[in-house]
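Quick look at input.cif (mmCIF, C-alpha atoms and all ligand atoms):
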data_work
#
loop_
_atom_site.label_atom_id
_atom_site.label_comp_id
_atom_site.auth_asym_id
_atom_site.auth_seq_id
_atom_site.Cartn_x
_atom_site.Cartn_y
_atom_site.Cartn_z
CA MET A 1 -134.81 170.38 -21.86
CA LEU A 2 -134.37 173.33 -24.23
CA LYS A 3 -131.29 175.47 -24.77
CA ALA A 4 -131.65 179.21 -24.12
CA ASP A 5 -132.02 180.16 -27.79
CA GLU A 6 -134.68 177.48 -28.37
CA ASN A 7 -136.51 178.64 -25.26
CA ARG A 8 -136.57 182.16 -26.67
CA ARG A 9 -137.84 180.94 -30.03
CA LEU A 10 -140.62 178.98 -28.33
CA THR A 11 -141.77 181.76 -26.03
CA GLN A 12 -141.35 185.10 -27.84
CA VAL A 13 -144.43 186.15 -29.81
CA GLY A 14 -143.98 189.85 -30.65
CA PRO A 15 -143.98 191.21 -34.22
CA GLY A 16 -141.04 189.87 -36.21
CA THR A 17 -140.21 186.95 -33.94
CA PRO A 18 -140.41 183.44 -35.45
CA MET A 19 -143.17 182.25 -33.08
CA GLY A 20 -144.93 185.59 -33.46
CA GLN A 21 -144.99 184.91 -37.19
CA VAL A 22 -146.44 181.44 -36.57
CA PHE A 23 -149.28 182.90 -34.48
CA ARG A 24 -150.00 185.49 -37.16
CA HIS A 25 -151.24 182.65 -39.40
CA TYR A 26 -154.16 181.61 -37.15
CA TRP A 27 -157.48 183.06 -36.03
CA LEU A 28 -157.29 183.75 -32.29
CA PRO A 29 -159.79 184.76 -29.60
CA ALA A 30 -159.61 188.53 -29.02
CA CYS A 31 -162.30 188.88 -26.35
CA LEU A 32 -165.71 187.60 -25.34
CA SER A 33 -168.72 188.81 -27.31
CA SER A 34 -170.32 189.77 -24.01
CA GLU A 35 -167.55 192.31 -23.31
CA LEU A 36 -168.70 194.53 -26.17
CA GLU A 37 -171.86 196.51 -25.70
CA ALA A 38 -173.45 198.14 -28.75
CA GLY A 39 -172.41 201.81 -28.63
CA GLY A 40 -170.55 201.16 -25.34
CA GLY A 41 -166.96 201.76 -24.36
CA PRO A 42 -164.15 200.15 -26.39
CA ARG A 43 -162.24 197.30 -24.68
CA LEU A 44 -158.50 196.81 -24.62
CA VAL A 45 -157.31 193.73 -26.51
CA GLU A 46 -153.70 192.73 -25.92
CA LEU A 47 -152.52 190.03 -28.24
CA LEU A 48 -149.06 188.86 -29.36
CA GLY A 49 -147.41 191.91 -27.78
CA GLU A 50 -149.70 194.37 -29.60
CA ARG A 51 -152.40 196.64 -28.18
CA MET A 52 -155.73 197.07 -29.91
CA VAL A 53 -159.21 198.21 -29.03
CA ALA A 54 -162.36 196.24 -29.81
CA PHE A 55 -165.73 197.92 -29.98
CA ARG A 56 -169.31 197.25 -31.03
CA SER A 57 -170.89 200.05 -33.02
CA PRO A 58 -174.32 201.37 -32.01
CA SER A 59 -175.78 199.22 -34.80
CA GLY A 60 -173.96 196.07 -33.59
CA GLU A 61 -170.93 195.50 -35.84
CA VAL A 62 -167.67 194.61 -34.13
CA GLY A 63 -164.45 196.41 -35.06
CA ILE A 64 -160.86 195.90 -33.88
CA VAL A 65 -158.30 198.65 -34.52
CA ALA A 66 -154.86 199.62 -33.19
CA GLU A 67 -155.06 201.48 -29.86
CA PRO A 68 -153.16 204.73 -30.57
CA CYS A 69 -155.01 207.40 -32.51
CA PRO A 70 -153.42 207.97 -35.95
CA HIS A 71 -153.21 211.73 -35.26
CA ARG A 72 -150.91 211.90 -32.23
CA GLY A 73 -151.38 208.66 -30.39
CA ALA A 74 -154.07 209.27 -27.75
CA SER A 75 -155.66 206.00 -26.72
CA LEU A 76 -158.80 205.07 -28.60
CA LEU A 77 -159.94 203.34 -25.41
CA LEU A 78 -161.11 206.84 -24.48
CA ALA A 79 -162.84 207.38 -27.83
CA ARG A 80 -166.48 208.14 -28.44
CA ASN A 81 -168.20 205.11 -29.97
CA GLU A 82 -170.21 206.72 -32.74
CA GLU A 83 -172.10 205.32 -35.70
CA CYS A 84 -169.50 203.94 -38.16
CA GLY A 85 -166.41 204.36 -36.03
CA LEU A 86 -164.46 205.60 -33.04
CA ARG A 87 -163.92 209.34 -32.61
CA CYS A 88 -160.81 210.31 -30.62
CA ILE A 89 -161.67 212.68 -27.80
CA TYR A 90 -158.42 214.65 -28.18
CA HIS A 91 -159.02 216.41 -31.53
CA GLY A 92 -162.00 214.57 -32.97
CA TRP A 93 -160.39 212.38 -35.59
CA LYS A 94 -162.54 209.37 -36.43
CA VAL A 95 -161.57 205.91 -37.75
CA ASP A 96 -163.96 203.20 -38.83
CA GLY A 97 -163.74 199.44 -38.18
CA ALA A 98 -161.80 198.90 -41.41
CA GLY A 99 -159.12 201.41 -40.36
CA LYS A 100 -160.31 204.18 -42.72
CA LEU A 101 -159.95 207.73 -41.46
CA VAL A 102 -163.46 209.07 -41.97
CA ASP A 103 -163.08 212.49 -40.33
CA ALA A 104 -160.23 214.79 -39.29
CA PRO A 105 -161.95 218.01 -38.23
CA THR A 106 -158.71 219.79 -37.22
CA ASN A 107 -157.58 219.72 -40.87
CA ARG A 108 -158.89 222.16 -43.45
CA ASN A 109 -159.03 219.37 -45.99
CA PRO A 110 -160.02 216.19 -44.11
CA GLU A 111 -160.62 214.28 -47.36
CA ARG A 112 -157.01 214.71 -48.40
CA ILE A 113 -155.54 213.59 -45.09
CA ALA A 114 -157.95 210.63 -45.15
CA GLN A 115 -156.36 209.48 -48.38
CA VAL A 116 -152.88 209.22 -46.89
CA VAL A 117 -153.66 207.95 -43.40
CA ARG A 118 -154.34 204.28 -42.93
CA HIS A 119 -155.04 203.02 -39.42
CA ALA A 120 -154.25 199.39 -38.56
CA ALA A 121 -157.47 197.36 -38.38
CA TYR A 122 -158.03 193.65 -37.89
CA PRO A 123 -160.84 191.35 -38.99
CA ALA A 124 -163.45 190.30 -36.42
CA VAL A 125 -165.58 187.16 -36.50
CA GLU A 126 -168.04 186.23 -33.73
CA ARG A 127 -168.53 182.55 -33.01
CA GLY A 128 -169.34 180.58 -29.86
CA GLY A 129 -169.58 183.72 -27.71
CA VAL A 130 -166.03 184.76 -28.69
CA VAL A 131 -164.76 187.56 -30.96
CA TRP A 132 -161.94 186.13 -33.07
CA THR A 133 -159.32 188.05 -34.95
CA HIS A 134 -156.28 187.50 -37.15
CA LEU A 135 -153.13 189.58 -36.80
CA GLY A 136 -151.37 188.45 -39.97
CA PRO A 137 -151.66 190.00 -43.44
CA PRO A 138 -154.68 188.94 -45.56
CA GLU A 139 -152.62 186.46 -47.59
CA GLN A 140 -151.84 184.57 -44.36
CA ARG A 141 -155.50 184.22 -43.40
CA GLY A 142 -156.39 180.55 -43.50
CA PRO A 143 -159.86 179.09 -43.03
CA PHE A 144 -161.65 179.86 -39.78
CA ARG A 145 -161.61 176.78 -37.53
CA ALA A 146 -165.14 176.28 -36.30
CA PHE A 147 -164.66 173.89 -33.38
CA LYS A 148 -167.71 172.01 -32.13
CA TRP A 149 -168.31 174.50 -29.31
CA ALA A 150 -168.11 177.43 -31.70
CA VAL A 151 -171.14 176.16 -33.61
CA GLN A 152 -173.31 175.52 -30.53
CA PRO A 153 -175.96 178.01 -29.43
CA ALA A 154 -175.01 180.20 -26.45
CA SER A 155 -177.40 178.19 -24.26
CA HIS A 156 -175.10 175.15 -24.67
CA VAL A 157 -171.79 176.88 -23.88
CA GLN A 158 -170.12 178.04 -20.66
CA LEU A 159 -167.04 180.20 -21.16
CA ILE A 160 -164.39 181.05 -18.58
CA LYS A 161 -161.76 183.69 -19.33
CA VAL A 162 -158.91 184.39 -16.89
CA ALA A 163 -155.52 186.09 -17.25
CA MET A 164 -152.37 184.12 -16.42
CA ASP A 165 -149.07 185.68 -15.40
CA ALA A 166 -146.93 183.33 -17.46
CA ASN A 167 -145.84 182.72 -21.01
CA TRP A 168 -148.29 180.98 -23.35
CA ALA A 169 -146.11 177.88 -23.99
CA GLN A 170 -145.56 177.25 -20.28
CA ALA A 171 -149.31 177.40 -19.79
CA MET A 172 -149.97 175.15 -22.78
CA GLU A 173 -147.60 172.57 -21.35
CA SER A 174 -149.98 172.19 -18.40
CA LEU A 175 -152.76 171.28 -20.83
CA VAL A 176 -150.78 168.47 -22.46
CA ASP A 177 -149.57 167.09 -19.14
CA SER A 178 -151.89 164.27 -18.16
CA ALA A 179 -149.90 163.15 -15.12
CA HIS A 180 -150.47 166.26 -12.98
CA VAL A 181 -154.19 165.54 -12.67
CA SER A 182 -153.55 162.83 -10.08
CA TYR A 183 -151.68 165.29 -7.84
CA LEU A 184 -152.52 168.94 -8.51
CA HIS A 185 -156.21 168.17 -9.07
CA ALA A 186 -156.47 165.28 -6.60
CA ASP A 187 -159.23 167.05 -4.65
CA LEU A 188 -161.40 167.63 -7.70
CA VAL A 189 -160.76 164.62 -9.94
CA ARG A 190 -161.22 161.63 -7.69
CA SER A 191 -160.78 157.90 -8.12
CA GLY A 192 -163.83 155.67 -8.02
CA ALA A 193 -164.25 152.10 -9.18
CA GLY A 194 -167.02 151.05 -11.50
CA ALA A 195 -167.91 153.52 -14.20
CA GLU A 196 -166.30 152.96 -17.58
CA THR A 197 -166.04 156.70 -18.26
CA ALA A 198 -165.62 159.66 -15.93
CA GLU A 199 -168.72 160.70 -14.06
CA TRP A 200 -169.69 164.27 -13.33
CA THR A 201 -170.80 164.73 -9.73
CA GLY A 202 -171.74 168.40 -10.00
CA THR A 203 -168.63 169.54 -8.11
CA GLY A 204 -166.01 167.29 -9.64
CA GLN A 205 -165.24 164.18 -11.64
CA VAL A 206 -164.81 160.57 -10.61
CA ARG A 207 -162.57 158.42 -12.78
CA ASN A 208 -162.09 154.66 -12.74
CA THR A 209 -158.37 154.77 -12.02
CA ALA A 210 -155.89 155.59 -9.29
CA ASP A 211 -152.84 155.22 -11.51
CA GLY A 212 -150.59 158.24 -11.02
CA ALA A 213 -148.03 157.40 -13.71
CA PRO A 214 -149.80 157.23 -17.07
CA HIS A 215 -148.09 155.83 -20.14
CA LEU A 216 -148.53 158.26 -23.04
CA GLU A 217 -148.78 157.21 -26.69
CA ILE A 218 -148.77 159.95 -29.30
CA GLU A 219 -149.73 160.25 -32.95
CA ASP A 220 -149.29 163.23 -35.26
CA THR A 221 -152.20 164.65 -37.19
CA ALA A 222 -152.63 167.33 -39.86
CA TYR A 223 -153.74 169.87 -37.23
CA GLY A 224 -151.27 168.96 -34.45
CA PHE A 225 -151.22 165.72 -32.50
CA ARG A 226 -153.26 163.64 -30.15
CA TYR A 227 -152.27 161.27 -27.41
CA GLY A 228 -153.72 158.55 -25.29
CA ALA A 229 -152.90 158.65 -21.57
CA ILE A 230 -153.06 155.00 -20.59
CA ARG A 231 -153.66 153.97 -16.97
CA ARG A 232 -154.49 150.87 -15.03
CA PRO A 233 -158.22 150.92 -14.25
CA LEU A 234 -159.59 150.19 -10.76
CA THR A 235 -161.89 147.56 -12.20
CA GLY A 236 -161.22 145.31 -15.20
CA ALA A 237 -157.43 145.70 -15.15
CA ASP A 238 -156.93 142.03 -16.09
CA THR A 239 -158.52 142.58 -19.47
CA HIS A 240 -158.60 146.33 -20.11
CA ARG A 241 -156.67 149.59 -19.83
CA TYR A 242 -158.17 152.98 -19.13
CA VAL A 243 -157.48 155.49 -21.91
CA ARG A 244 -158.05 159.26 -21.98
CA THR A 245 -157.21 161.05 -25.20
CA THR A 246 -156.15 164.67 -25.51
CA VAL A 247 -156.28 166.45 -28.86
CA VAL A 248 -153.80 169.25 -29.47
CA VAL A 249 -154.62 171.74 -32.22
CA ALA A 250 -151.66 173.95 -33.11
CA PRO A 251 -150.78 176.43 -31.94
CA ASN A 252 -152.79 176.66 -28.75
CA PHE A 253 -156.08 174.76 -28.51
CA VAL A 254 -156.56 171.52 -26.62
CA CYS A 255 -159.62 169.31 -26.53
CA ILE A 256 -160.04 167.37 -23.30
CA ALA A 257 -162.08 164.19 -22.80
CA SER A 258 -165.33 164.90 -20.98
CA PRO A 259 -168.11 162.87 -19.41
CA GLU A 260 -170.91 161.76 -21.72
CA GLY A 261 -172.86 164.59 -23.34
CA ARG A 262 -170.25 167.23 -22.51
CA GLY A 263 -167.34 168.72 -24.39
CA HIS A 264 -164.34 170.71 -23.23
CA PHE A 265 -161.75 172.87 -25.00
CA GLU A 266 -159.04 175.01 -23.47
CA ALA A 267 -156.58 177.52 -24.89
CA TYR A 268 -153.91 179.95 -23.76
CA ILE A 269 -153.68 183.00 -26.01
CA PRO A 270 -150.41 184.95 -25.80
CA ILE A 271 -150.96 188.49 -24.47
CA ASP A 272 -147.21 189.13 -24.67
CA ASP A 273 -144.10 187.12 -23.78
CA HIS A 274 -144.93 187.09 -20.06
CA ARG A 275 -148.71 186.86 -19.92
CA SER A 276 -151.42 184.77 -21.54
CA MET A 277 -155.21 184.66 -21.53
CA PHE A 278 -156.86 181.40 -20.54
CA TYR A 279 -160.10 180.39 -22.21
CA SER A 280 -161.91 177.33 -20.88
CA VAL A 281 -164.93 176.28 -22.89
CA HIS A 282 -167.44 173.75 -21.62
CA TYR A 283 -170.37 172.76 -23.79
CA THR A 284 -173.18 170.30 -24.25
CA THR A 285 -174.33 168.96 -27.57
CA HIS A 286 -177.85 167.76 -26.83
CA ARG A 287 -179.43 170.12 -24.29
CA PRO A 288 -178.89 173.59 -22.86
CA PHE A 289 -176.92 174.04 -19.66
CA ASP A 290 -179.16 174.89 -16.71
CA GLU A 291 -178.16 177.23 -13.90
CA GLN A 292 -176.99 174.35 -11.72
CA ASP A 293 -174.71 173.06 -14.50
CA ARG A 294 -173.18 176.49 -14.95
CA ARG A 295 -172.68 177.00 -11.22
CA GLY A 296 -171.07 173.56 -10.94
CA ILE A 297 -168.55 174.29 -13.70
CA LEU A 298 -167.69 177.78 -12.43
CA GLU A 299 -167.18 176.53 -8.90
CA TRP A 300 -165.21 173.45 -9.95
CA TYR A 301 -162.90 175.74 -11.88
CA GLY A 302 -162.80 178.55 -9.33
CA GLY A 303 -163.83 180.94 -12.10
CA ARG A 304 -166.95 182.62 -10.68
CA PRO A 305 -167.23 186.19 -12.02
CA GLY A 306 -167.01 188.71 -9.21
CA LEU A 307 -166.04 186.09 -6.62
CA ASP A 308 -162.97 184.39 -8.07
CA VAL A 309 -162.25 186.63 -11.08
CA ASP A 310 -162.67 190.41 -11.39
CA GLU A 311 -164.10 192.38 -14.31
CA ASN A 312 -160.64 192.60 -15.93
CA PHE A 313 -160.27 188.81 -15.77
CA ARG A 314 -157.71 188.98 -12.95
CA LYS A 315 -157.75 186.18 -10.39
CA VAL A 316 -158.53 186.89 -6.75
CA ARG A 317 -156.00 184.12 -6.02
CA ASN A 318 -152.75 185.25 -7.58
CA PRO A 319 -148.97 185.33 -7.09
CA ASP A 320 -149.19 188.35 -4.77
CA ASN A 321 -151.19 186.43 -2.14
CA GLY A 322 -149.72 182.96 -2.67
CA TRP A 323 -152.90 181.95 -4.55
CA LEU A 324 -154.55 181.91 -1.08
CA GLN A 325 -153.19 178.44 -0.41
CA ASP A 326 -154.88 177.12 2.74
CA ARG A 327 -152.17 175.42 4.81
CA GLU A 328 -154.58 174.75 7.66
CA ARG A 329 -156.89 172.64 5.51
CA MET A 330 -153.82 170.82 4.18
CA ARG A 331 -152.70 170.10 7.76
CA LEU A 332 -156.15 168.72 8.55
CA GLY A 333 -155.95 166.46 5.50
CA GLU A 334 -158.97 168.11 3.86
CA THR A 335 -157.14 169.07 0.69
CA TYR A 336 -154.03 167.96 -1.19
CA THR A 337 -152.95 171.37 -2.54
CA GLY A 338 -154.78 173.86 -0.32
CA LEU A 339 -155.88 175.60 -3.52
CA PHE A 340 -159.47 176.25 -4.56
CA GLY A 341 -160.61 175.32 -8.06
CA ILE A 342 -159.05 173.63 -11.10
CA LEU A 343 -157.95 176.82 -12.77
CA ASN A 344 -156.34 178.26 -9.66
CA GLN A 345 -154.45 175.01 -9.16
CA ASP A 346 -153.16 175.07 -12.75
CA HIS A 347 -152.36 178.78 -12.65
CA ALA A 348 -150.57 178.52 -9.31
CA ALA A 349 -148.31 175.72 -10.56
CA VAL A 350 -147.53 177.45 -13.86
CA GLU A 351 -147.15 180.99 -12.46
CA SER A 352 -144.95 179.70 -9.63
CA MET A 353 -142.29 178.83 -12.25
CA GLY A 354 -141.90 182.54 -13.10
CA PRO A 355 -143.11 184.07 -16.37
CA ILE A 356 -140.64 182.14 -18.57
CA VAL A 357 -139.21 178.99 -17.02
CA ASP A 358 -135.60 178.08 -17.77
CA ARG A 359 -136.13 174.85 -19.69
CA ALA A 360 -132.38 174.10 -19.62
CA LYS A 361 -132.71 173.26 -15.93
CA GLU A 362 -135.62 170.83 -15.99
CA HIS A 363 -135.48 167.03 -15.71
CA LEU A 364 -138.12 165.51 -17.96
CA GLY A 365 -139.47 162.00 -17.46
CA PRO A 366 -141.66 159.48 -19.24
CA THR A 367 -144.93 161.29 -18.49
CA ASP A 368 -143.56 164.45 -20.16
CA VAL A 369 -143.46 163.07 -23.70
CA ALA A 370 -146.48 165.12 -24.83
CA VAL A 371 -144.82 168.28 -23.49
CA ILE A 372 -141.75 167.41 -25.59
CA ARG A 373 -143.91 166.73 -28.64
CA PHE A 374 -145.69 170.06 -28.21
CA ARG A 375 -142.38 171.98 -28.13
CA ARG A 376 -141.05 170.12 -31.15
CA MET A 377 -144.23 170.79 -33.10
CA MET A 378 -144.09 174.50 -32.40
CA LEU A 379 -140.36 174.89 -33.02
CA ARG A 380 -140.85 173.05 -36.29
CA ALA A 381 -143.71 175.43 -37.17
CA ALA A 382 -141.37 178.37 -36.51
CA ARG A 383 -138.76 176.87 -38.86
CA ASP A 384 -141.44 176.22 -41.48
CA VAL A 385 -142.54 179.85 -41.40
CA GLU A 386 -138.95 181.13 -41.53
CA SER A 387 -138.34 179.11 -44.67
CA GLY A 388 -141.41 180.59 -46.34
CA GLY A 389 -143.86 177.81 -45.48
CA VAL A 390 -147.16 177.65 -43.64
CA PRO A 391 -147.31 176.43 -40.02
CA ILE A 392 -149.07 173.18 -39.29
CA GLY A 393 -152.79 173.14 -40.05
CA ALA A 394 -153.09 176.89 -40.74
CA ASP A 395 -154.12 176.53 -44.38
CA GLN A 396 -156.19 173.35 -44.10
CA ASP A 397 -159.95 173.38 -44.12
CA LEU A 398 -160.56 170.33 -41.92
CA PRO A 399 -163.93 169.37 -40.39
CA TYR A 400 -162.98 170.87 -37.03
CA GLU A 401 -166.60 170.85 -35.84
CA SER A 402 -166.37 167.06 -35.41
CA LEU A 403 -163.09 167.07 -33.48
CA ASP A 404 -163.44 165.59 -30.01
CA ALA A 405 -161.46 163.83 -27.30
CA ALA A 406 -162.55 160.54 -25.75
CA GLU A 407 -162.04 158.20 -22.86
CA GLY A 408 -162.91 154.66 -21.90
CA LEU A 409 -161.73 151.13 -21.33
CA VAL A 410 -159.85 149.47 -24.16
CA ARG A 411 -158.98 145.77 -24.34
CA LEU A 412 -155.35 145.07 -23.51
CA ASP A 413 -154.66 143.81 -27.04
CA ALA A 414 -156.42 146.72 -28.82
CA PRO A 415 -154.90 150.06 -29.88
CA TRP A 416 -155.66 153.07 -27.64
CA GLN A 417 -157.23 154.84 -30.62
CA GLU A 418 -160.19 152.48 -30.28
CA VAL A 419 -161.86 154.90 -27.84
CA ILE A 420 -161.99 157.64 -30.48
CA SER A 421 -165.06 158.01 -32.63
CA ASP A 422 -164.88 161.60 -33.89
CA GLY A 423 -164.06 160.56 -37.44
CA LEU A 424 -161.72 163.52 -37.91
CA ALA A 425 -158.39 162.29 -36.69
CA GLY A 426 -158.24 159.48 -39.23
CA ALA A 427 -159.03 161.86 -42.07
CA ALA A 428 -156.70 164.52 -40.73
CA ALA A 429 -153.77 162.19 -40.27
CA GLY A 430 -153.71 161.53 -44.00
CA PRO A 431 -150.92 162.30 -46.45
CA SER A 432 -150.63 165.90 -45.34
CA ALA A 433 -149.78 164.93 -41.78
CA THR A 434 -146.31 165.96 -40.72
CA ALA A 435 -144.17 163.64 -38.68
CA TYR A 436 -142.39 165.23 -35.75
CA GLY A 437 -140.35 162.26 -34.63
S1 LIG A 501 -154.62 212.41 -30.90
FE1 LIG A 501 -156.51 211.69 -31.60
S2 LIG A 501 -157.38 213.31 -32.65
FE2 LIG A 501 -155.51 214.07 -31.96
FE FE A 502 -154.61 170.98 -14.82
#
Give the structure from this file in C-alpha cells form.
Amino acid sequence: MLKADENRRLTQVGPGTPMGQVFRHYWLPACLSSELEAGGGPRLVELLGERMVAFRSPSGEVGIVAEPCPHRGASLLLARNEECGLRCIYHGWKVDGAGKLVDAPTNRNPERIAQVVRHAAYPAVERGGVVWTHLGPPEQRGPFRAFKWAVQPASHVQLIKVAMDANWAQAMESLVDSAHVSYLHADLVRSGAGAETAEWTGTGQVRNTADGAPHLEIEDTAYGFRYGAIRRPLTGADTHRYVRTTVVVAPNFVCIASPEGRGHFEAYIPIDDHRSMFYSVHYTTHRPFDEQDRRGILEWYGGRPGLDVDENFRKVRNPDNGWLQDRERMRLGETYTGLFGILNQDHAAVESMGPIVDRAKEHLGPTDVAVIRFRRMMLRAARDVESGGVPIGADQDLPYESLDAAEGLVRLDAPWQEVISDGLAGAAAGPSATAYG
C-alpha cells in the first residue's frame, strides 16, 4: 500500500519530478535500430514526458533532437533528412544531430543566429538492435550498461516492442511478480514433472512445479535486487525445492530465468505518466535463432508484427476491445484467461487497473514482497537524487554483460542462491550495495 503522495512520487516521470530526475541518470532505449532508415523519415520518440525525433542521416549516423523546430516550433517529424541534419520544411532552418543550427536561410545573417540558438539534442548509442539515449545533463551520464543481449550479434536476438497504456511502475510490478505466472499465464507456462529446469516446447514452457503460492526470498545488490521464487517441485520435493531467480536492475530492467541456452530481459520505459513502452528481449548465446525459433517466441508472446502489433507498436488486442478475450474458449475449458499470448495477458491485467492504480486501496500478501521491494528501491532512489546523490547503480561500471537469472532444483538445506552462476551478483552485492530493509 502506498499513500497518495508516495504513489505520485513513484509514478510521475516528467522534467523536474523526483522520479523523472532518477530516470535522467540512466541510459534508456529510445527506439529500435530497425525503425531508422538511412536518409528516411524521422521517428517520434516519446520518453519521460518529452517529445523528440530520432533519425538516421543518409550516411548512417543516428541523431536524436527535440521535436519542435527552434524557429517557430513546426514538428521536425516533417523535416527533410539531409546530409548532416534535419531541415524544417516550414522555413528551411536546419539542425544537426548535436543540436547545432547549421542553416537559417530566412535570416540575412544565418551565422549570427546560429551562434545564439541551441537546439536540445541527446546522445545516441546503438547496441543489441536498440538505439539508447540519455535525457540527463552530461555530468549525470554514467557508464553504458551493456547487458548480455546487447553484446550479441543481431542473429542471436529477437526483440519485441509494444506500447502499454499504463504507468511504467505498474507495468514493472508485473515483471517482479512471480505468482501471477501460475494463473495469468497458465495456458502458456504449464506444469510437467521430470525436467530439472524449464523446457521450451516451441509454443510455451513446461516447468517442474504446480505450486501456485511461491515463497520469495530477496537480496539487495549494487544494481538493484534479485529474488528467488521458491516452489515445491512435482518431482523430488522430499529433498529439493524448485527455485527461479529474477534479477531487477534499477530503474526498469528485469532479467528472467530462461531454458538452457536462452536468455530473456524485459523492460518498461516510461513514455509519460500514463503510458510505457515494453521491450522484451530474447537471445541465445551459442547459436543464431532460426526462423522457427523466432516464430515460436513471437507467437508465444502474441507480438507478431502486422498481426498482433501494428507499425506504431500498438496492440491489436487493447482496452478498447476488451483485449479480445475469448469467453467461448473459456467456457469450453480450452483456456484459463481467454487471452492470446504472454504479452497480451500481462498488458490486459496491468491496463485493466487504469493508467495509475490507487495503491492505497490494494491488499498485498506474501507473494507481493518483491513488488514492495521494487517500490522501496525506487522511492529511495528518488530521495537519494533529491538530496544530491546518485540513484542506485547509475554510476557503477559493473560487468553487466555477465548478469543472468537462473532456475533449478536446490537441496532443502541449501541457500536458493545456489542456482546462480553468473558471477556478477556476488561481486555487485559488495560494500557498495545499499540495504533497503
Ligand atoms: S518553424 Fe521551422 S523553419 Fe520556421
Ligand atoms: Fe507475466
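Counting only C-alpha atoms, Ala166 (chain A) has the following residues at most 8 Å away, ignoring those fewer than 4 positions along the same chain: Gln170, Ala171, Asp273, His274, Arg275, Ser276, Val350, Glu351, Gly354, Pro355 and Ile356 of chain A.
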Taking (-167.8, 209.4, -32.3) in the file's coordinates, which residues come within 12 Å, counting all atoms listed in the file, written as a PyMOL selection string? chain A and resi 39-42+55+57-58+76+78-96+102-105
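Distance check against Gly212 (chain A) using only C-alpha atoms: of A:Ala179, A:Ala348, A:Ile271, A:His240, the minimum falls on A:Ala179.
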Please return as a ChimeraX atom specification the residues found within 9 Å of ligand FE 502 (chain A), counting only C-alpha atoms and all ligand atoms. /A:174-178,180-181,184-185,342-343,345-347,349
Draw an axis-aligned box tight on the listed atoms of region 223-229 of chain A, then pad every side by 5 Å and write out centre and edge lengths in Å to one decimal as AutoDock Vina command-line options.
--center_x -152.5 --center_y 164.2 --center_z -29.4 --size_x 12.5 --size_y 21.3 --size_z 25.7
Quick one: of A:Lys161, A:His156, A:Arg56, A:His119, who's nearest to His71 (chain A), counting only C-alpha atoms? A:His119
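Of note, CA of Arg262 (chain A) and CA of Glu173 (chain A) are spaced 23.3 Å apart.
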At what distance in Å, to one decimal, does CA of His25 (chain A) lie from CA of Arg376 (chain A)? 18.1 Å
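What separates CA of Gly129 (chain A) from CA of Ser33 (chain A) is a distance of 5.2 Å.
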Find the residues around Leu409 (chain A) up to 7 Å (only C-alpha atoms counted), leave out those fewer than 4 positions away in its own chain, and share them as a list in words. Glu196, His240, Arg241, Tyr242 and Val243 of chain A
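Between ligand LIG 501 (chain A) and the residues A:Leu36, A:Met277, A:Ala74, A:Ala120, the shortest atom-to-atom distance, using only C-alpha atoms and all ligand atoms, involves A:Ala74.
Shortest separation to Asp293 (chain A) among A:Thr209, A:Asn252, A:Gln325, A:Ser155 occurs at residue A:Ser155, atoms counted being all atoms listed in the file.
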N, CA and C atoms restored at region 373-385 of chain A, emitted as a short mmCIF file (atom, residue, chain, number, x, y, z; two decimals), in the coordinates of the input:
data_model
loop_
_atom_site.label_atom_id
_atom_site.label_comp_id
_atom_site.auth_asym_id
_atom_site.auth_seq_id
_atom_site.Cartn_x
_atom_site.Cartn_y
_atom_site.Cartn_z
N ARG A 373 -143.34 166.71 -27.28
CA ARG A 373 -143.91 166.73 -28.64
C ARG A 373 -144.49 168.10 -28.97
N PHE A 374 -145.12 168.72 -28.00
CA PHE A 374 -145.69 170.06 -28.21
C PHE A 374 -144.58 171.06 -28.59
N ARG A 375 -143.49 171.05 -27.83
CA ARG A 375 -142.38 171.98 -28.13
C ARG A 375 -141.81 171.72 -29.52
N ARG A 376 -141.62 170.45 -29.83
CA ARG A 376 -141.05 170.12 -31.15
C ARG A 376 -141.96 170.60 -32.26
N MET A 377 -143.26 170.38 -32.08
CA MET A 377 -144.23 170.79 -33.10
C MET A 377 -144.14 172.29 -33.34
N MET A 378 -144.08 173.05 -32.25
CA MET A 378 -144.09 174.50 -32.40
C MET A 378 -142.76 175.04 -32.93
N LEU A 379 -141.66 174.45 -32.50
CA LEU A 379 -140.36 174.89 -33.02
C LEU A 379 -140.24 174.54 -34.50
N ARG A 380 -140.81 173.42 -34.88
CA ARG A 380 -140.85 173.05 -36.29
C ARG A 380 -141.71 174.04 -37.08
N ALA A 381 -142.85 174.45 -36.50
CA ALA A 381 -143.71 175.43 -37.17
C ALA A 381 -142.96 176.74 -37.38
N ALA A 382 -142.15 177.13 -36.38
CA ALA A 382 -141.37 178.37 -36.51
C ALA A 382 -140.36 178.24 -37.66
N ARG A 383 -139.72 177.08 -37.74
CA ARG A 383 -138.76 176.87 -38.86
C ARG A 383 -139.49 176.88 -40.20
N ASP A 384 -140.66 176.26 -40.24
CA ASP A 384 -141.44 176.22 -41.48
C ASP A 384 -141.76 177.63 -41.96
N VAL A 385 -142.16 178.48 -41.03
CA VAL A 385 -142.54 179.85 -41.40
C VAL A 385 -141.29 180.63 -41.85
#
